[in-house]
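Student: Here it is: the structure, laid out below.
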Amino acid sequence: MARAVSVSLQKGGVGKTTVAINLADALAARGNDVLLVDLDQQGNATEGVGRKDLYETDGPHVGDVLTEDDPVDVHEIIHDRGVFDLLPAHVDLDDIEDRIRNSTFGILWVRRRIVEPLLGDDYDYIVIDSPPSLGPLSDASLIGAGNLIVPLLMSEPSVSGFERMVEQQVRPIRKEVDLDILAIVPNDLSGNNEEKRIITDLESSPFEQYLPSFARSDGFGESPGPGLRHRIAFSRAWRDGETLREYDPDNDMLDRLDQLARVVENGDTDA
């Protein structure tokens, strides 16, 4: 089943972009046609796959698609990155967010101009790296995708950010359209007691259903432990404009990313 998914959390610094890039790569490695869409104003996903040059392009860009004024066909701004394709961010995304805010149907532009024309016909999966803050562009990303992956650091500020996101964004959107949380992904774990406590707390909360099998607390008794572990290769791969698979094809986290890709393919955490 073709599916779009937004990787999002209303708090920066949680590894959102790293998860989005490597989820797109994992889905593509499983034989799917995949598009990575960068809607984060900082353009980190665009830079992290080696296309920083597109962030300030004078040519057609995402802002020419998300507009009321004779929008450009989305196919014109997609770039072949090799294993998966890229729809890059642009330096004008803050202005585009204002445009969405001031338009009656702007909140639907991501769905109508990007997801609906491409999903199923051109791509099996669309992975959106969403803005790390509440706002019209973030709402448009979630509404456009209809599915959500939440990367979480195992820290109280990160969990609080997720709780605020559910209250202030996910639940209001669900009153209007379908929005499914596919998975909560504990990220950048190093194995301390605080991480174990927070995962255990999540397992006894209403969010327990969103924890994939590789992110459960029983993994603390095994190597390498639950969740996506801290690996310097993630940041080095981003620095070099590569996915983790390209930078370090033997990395032990590739199996975890494959499991996350299967969650997206199946549409739930029972994968």
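Ordered as shown in the structure tokens, chains take letters A, B, and onward, while each chain numbers its residues from 1 and ligands are numbered from 1 in the order shown.
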Report as a PyMOL selection string: the residues of stretch 19-220 of chain A with a DSSP assignment of alpha helix (DSSP H), based on the backbone of this structure.
Tutor: chain A and resi 19-29+44-48+62-65+93-101+109+116-118+136-145+156-165+171-174+193-203
Student: Could you list, as a PyMOL selection string, every residue within 8 Å of A:Met165, counting only C-alpha atoms and ignoring same-chain residues fewer than 3 positions away?
Tutor: chain A and resi 9-10+134+161-162+168-170
Student: In terms of the shortest atom-to-atom distance over only C-alpha atoms, which of A:Leu148, A:Leu244, A:Val127, A:Ile100 is closest to A:Asp33?
Tutor: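 When distances to A:Asp33 are compared using only C-alpha atoms, the smallest one comes from A:Val127.
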Student: Could you give me, as a ChimeraX atom specification, each residue of stretch 29-262 of chain A that DSSP assigns to strand (DSSP E or B) when run on this structure's backbone?
Tutor: /A:34-38,79-80,85-87,119,123,125-129,147-152,180-186,189,229
Student: Go through stretch 116-170 of chain A and flag each residue having an atom no more than 12 Å from stretch 251-261 of chain A; for those, report the closest pair of atoms plus their distance in Å to one decimal, using only C-alpha atoms, ordered by chain and rising number, as a tab-separated table.
Tutor:
```
residue	atom	partner	partner_atom	distance
A:Tyr125	CA	A:Ala261	CA	10.1
A:Ile126	CA	A:Ala261	CA	11.9
A:Val127	CA	A:Ala261	CA	10.7
A:Ile149	CA	A:Leu260	CA	9.4
A:Val150	CA	A:Leu260	CA	11.5
A:Pro151	CA	A:Leu260	CA	11.3
```
Student: Which neighbours of stretch 57-67 of chain A fall inside 9 Å, counting only C-alpha atoms, when residues of the same chain fewer than 5 positions from it are skipped, and could you give them as a VMD selection string?
Tutor: chain A and resid 39 72 to 74 76 to 78 87 to 93 95 to 96 99 to 100 103 106 109 to 110 113 to 114
Student: For stretch 209-218 of chain A, please output as a PDB file with C-alpha atoms, in the first residue's frame all residues within 10 Å (counting only C-alpha atoms; exclusion window: fewer than 5 positions along the same chain).
Tutor:
```pdb
ATOM      1  CA  ILE A 149       6.703   8.947  12.820  1.00  0.00           C
ATOM      2  CA  VAL A 150       7.904  10.586  16.052  1.00  0.00           C
ATOM      3  CA  ILE A 181       0.823   7.760  14.571  1.00  0.00           C
ATOM      4  CA  LEU A 182       2.757   4.853  13.089  1.00  0.00           C
ATOM      5  CA  ALA A 183       5.633   4.759  15.564  1.00  0.00           C
ATOM      6  CA  ILE A 184       7.510   6.485  18.347  1.00  0.00           C
ATOM      7  CA  VAL A 185      11.219   5.945  17.744  1.00  0.00           C
ATOM      8  CA  PRO A 186      13.556   6.278  20.759  1.00  0.00           C
ATOM      9  CA  ASN A 187      16.625   7.856  19.195  1.00  0.00           C
ATOM     10  CA  GLU A 195      16.502   6.113  29.091  1.00  0.00           C
ATOM     11  CA  LYS A 196      15.260   2.873  30.617  1.00  0.00           C
ATOM     12  CA  ARG A 197      12.943   4.741  32.969  1.00  0.00           C
ATOM     13  CA  ILE A 198      11.382   6.790  30.182  1.00  0.00           C
ATOM     14  CA  ILE A 199      10.867   3.803  27.873  1.00  0.00           C
ATOM     15  CA  THR A 200       9.288   1.912  30.766  1.00  0.00           C
ATOM     16  CA  ASP A 201       7.014   4.891  31.446  1.00  0.00           C
ATOM     17  CA  LEU A 202       5.995   4.990  27.782  1.00  0.00           C
ATOM     18  CA  GLU A 203       5.177   1.283  27.930  1.00  0.00           C
ATOM     19  CA  SER A 204       2.726   1.938  30.768  1.00  0.00           C
ATOM     20  CA  GLY A 225      19.971  -2.330  23.400  1.00  0.00           C
ATOM     21  CA  PRO A 226      16.610  -0.876  22.319  1.00  0.00           C
ATOM     22  CA  GLY A 227      15.889   1.958  19.908  1.00  0.00           C
ATOM     23  CA  LEU A 228      18.234   3.701  17.534  1.00  0.00           C
ATOM     24  CA  ASP A 255      18.736  -3.483  10.734  1.00  0.00           C
ATOM     25  CA  ARG A 256      16.776  -1.174  13.049  1.00  0.00           C
ATOM     26  CA  LEU A 257      16.079   1.189  10.170  1.00  0.00           C
ATOM     27  CA  GLN A 259      12.504  -2.695  10.910  1.00  0.00           C
ATOM     28  CA  LEU A 260      11.212   0.883  10.946  1.00  0.00           C
ATOM     29  CA  VAL A 263       6.495  -0.551  10.241  1.00  0.00           C
ATOM     30  CA  ASP A 268       1.476  -0.278  12.367  1.00  0.00           C
ATOM     31  CA  THR A 269       4.067  -1.263  14.950  1.00  0.00           C
ATOM     32  CA  ASP A 270       3.314  -4.988  14.771  1.00  0.00           C
ATOM     33  CA  ALA A 271       5.809  -5.429  11.923  1.00  0.00           C
TER      34      ALA A 271
END
```
Student: Sorted by chain and rising residue number, which residues of stretch 90-165 of chain A lie within 6 Å of stretch 11-32 of chain A, and what are their closest atom pairs and distances in Å to one decimal, counting only C-alpha atoms, as a Markdown table?
Tutor:
```
| residue | atom | partner | partner_atom | distance |
| --- | --- | --- | --- | --- |
| A:Asp124 | CA | A:Asn32 | CA | 5.9 |
| A:Asp129 | CA | A:Ala20 | CA | 5.8 |
| A:Pro132 | CA | A:Lys11 | CA | 5.4 |
| A:Pro151 | CA | A:Lys16 | CA | 5.9 |
| A:Leu152 | CA | A:Val14 | CA | 5.9 |
| A:Leu153 | CA | A:Val14 | CA | 5.6 |
| A:Gly161 | CA | A:Lys11 | CA | 5.8 |
```
Student: Would you output that residue set with N, CA and C atoms, as an mmCIF file, in the first residue's frame?
Tutor:
```cif
data_model
loop_
_atom_site.group_PDB
_atom_site.id
_atom_site.type_symbol
_atom_site.label_atom_id
_atom_site.label_comp_id
_atom_site.auth_asym_id
_atom_site.auth_seq_id
_atom_site.Cartn_x
_atom_site.Cartn_y
_atom_site.Cartn_z
ATOM 1 N N ASP A 124 5.999 4.777 -4.252
ATOM 2 C CA ASP A 124 5.338 3.905 -3.290
ATOM 3 C C ASP A 124 5.251 4.574 -1.927
ATOM 4 N N ASP A 129 10.268 15.347 5.833
ATOM 5 C CA ASP A 129 10.956 15.910 6.997
ATOM 6 C C ASP A 129 10.257 17.222 7.328
ATOM 7 N N PRO A 132 10.309 21.689 12.760
ATOM 8 C CA PRO A 132 10.341 21.315 14.180
ATOM 9 C C PRO A 132 9.602 22.290 15.081
ATOM 10 N N PRO A 151 10.350 10.793 16.254
ATOM 11 C CA PRO A 151 11.633 10.483 16.883
ATOM 12 C C PRO A 151 11.720 11.165 18.241
ATOM 13 N N LEU A 152 12.158 10.433 19.255
ATOM 14 C CA LEU A 152 12.216 10.970 20.618
ATOM 15 C C LEU A 152 13.573 10.692 21.244
ATOM 16 N N LEU A 153 14.189 11.723 21.793
ATOM 17 C CA LEU A 153 15.270 11.482 22.733
ATOM 18 C C LEU A 153 14.647 11.003 24.035
ATOM 19 N N GLY A 161 7.756 17.640 24.725
ATOM 20 C CA GLY A 161 7.490 18.166 23.395
ATOM 21 C C GLY A 161 6.506 17.295 22.631
#
```
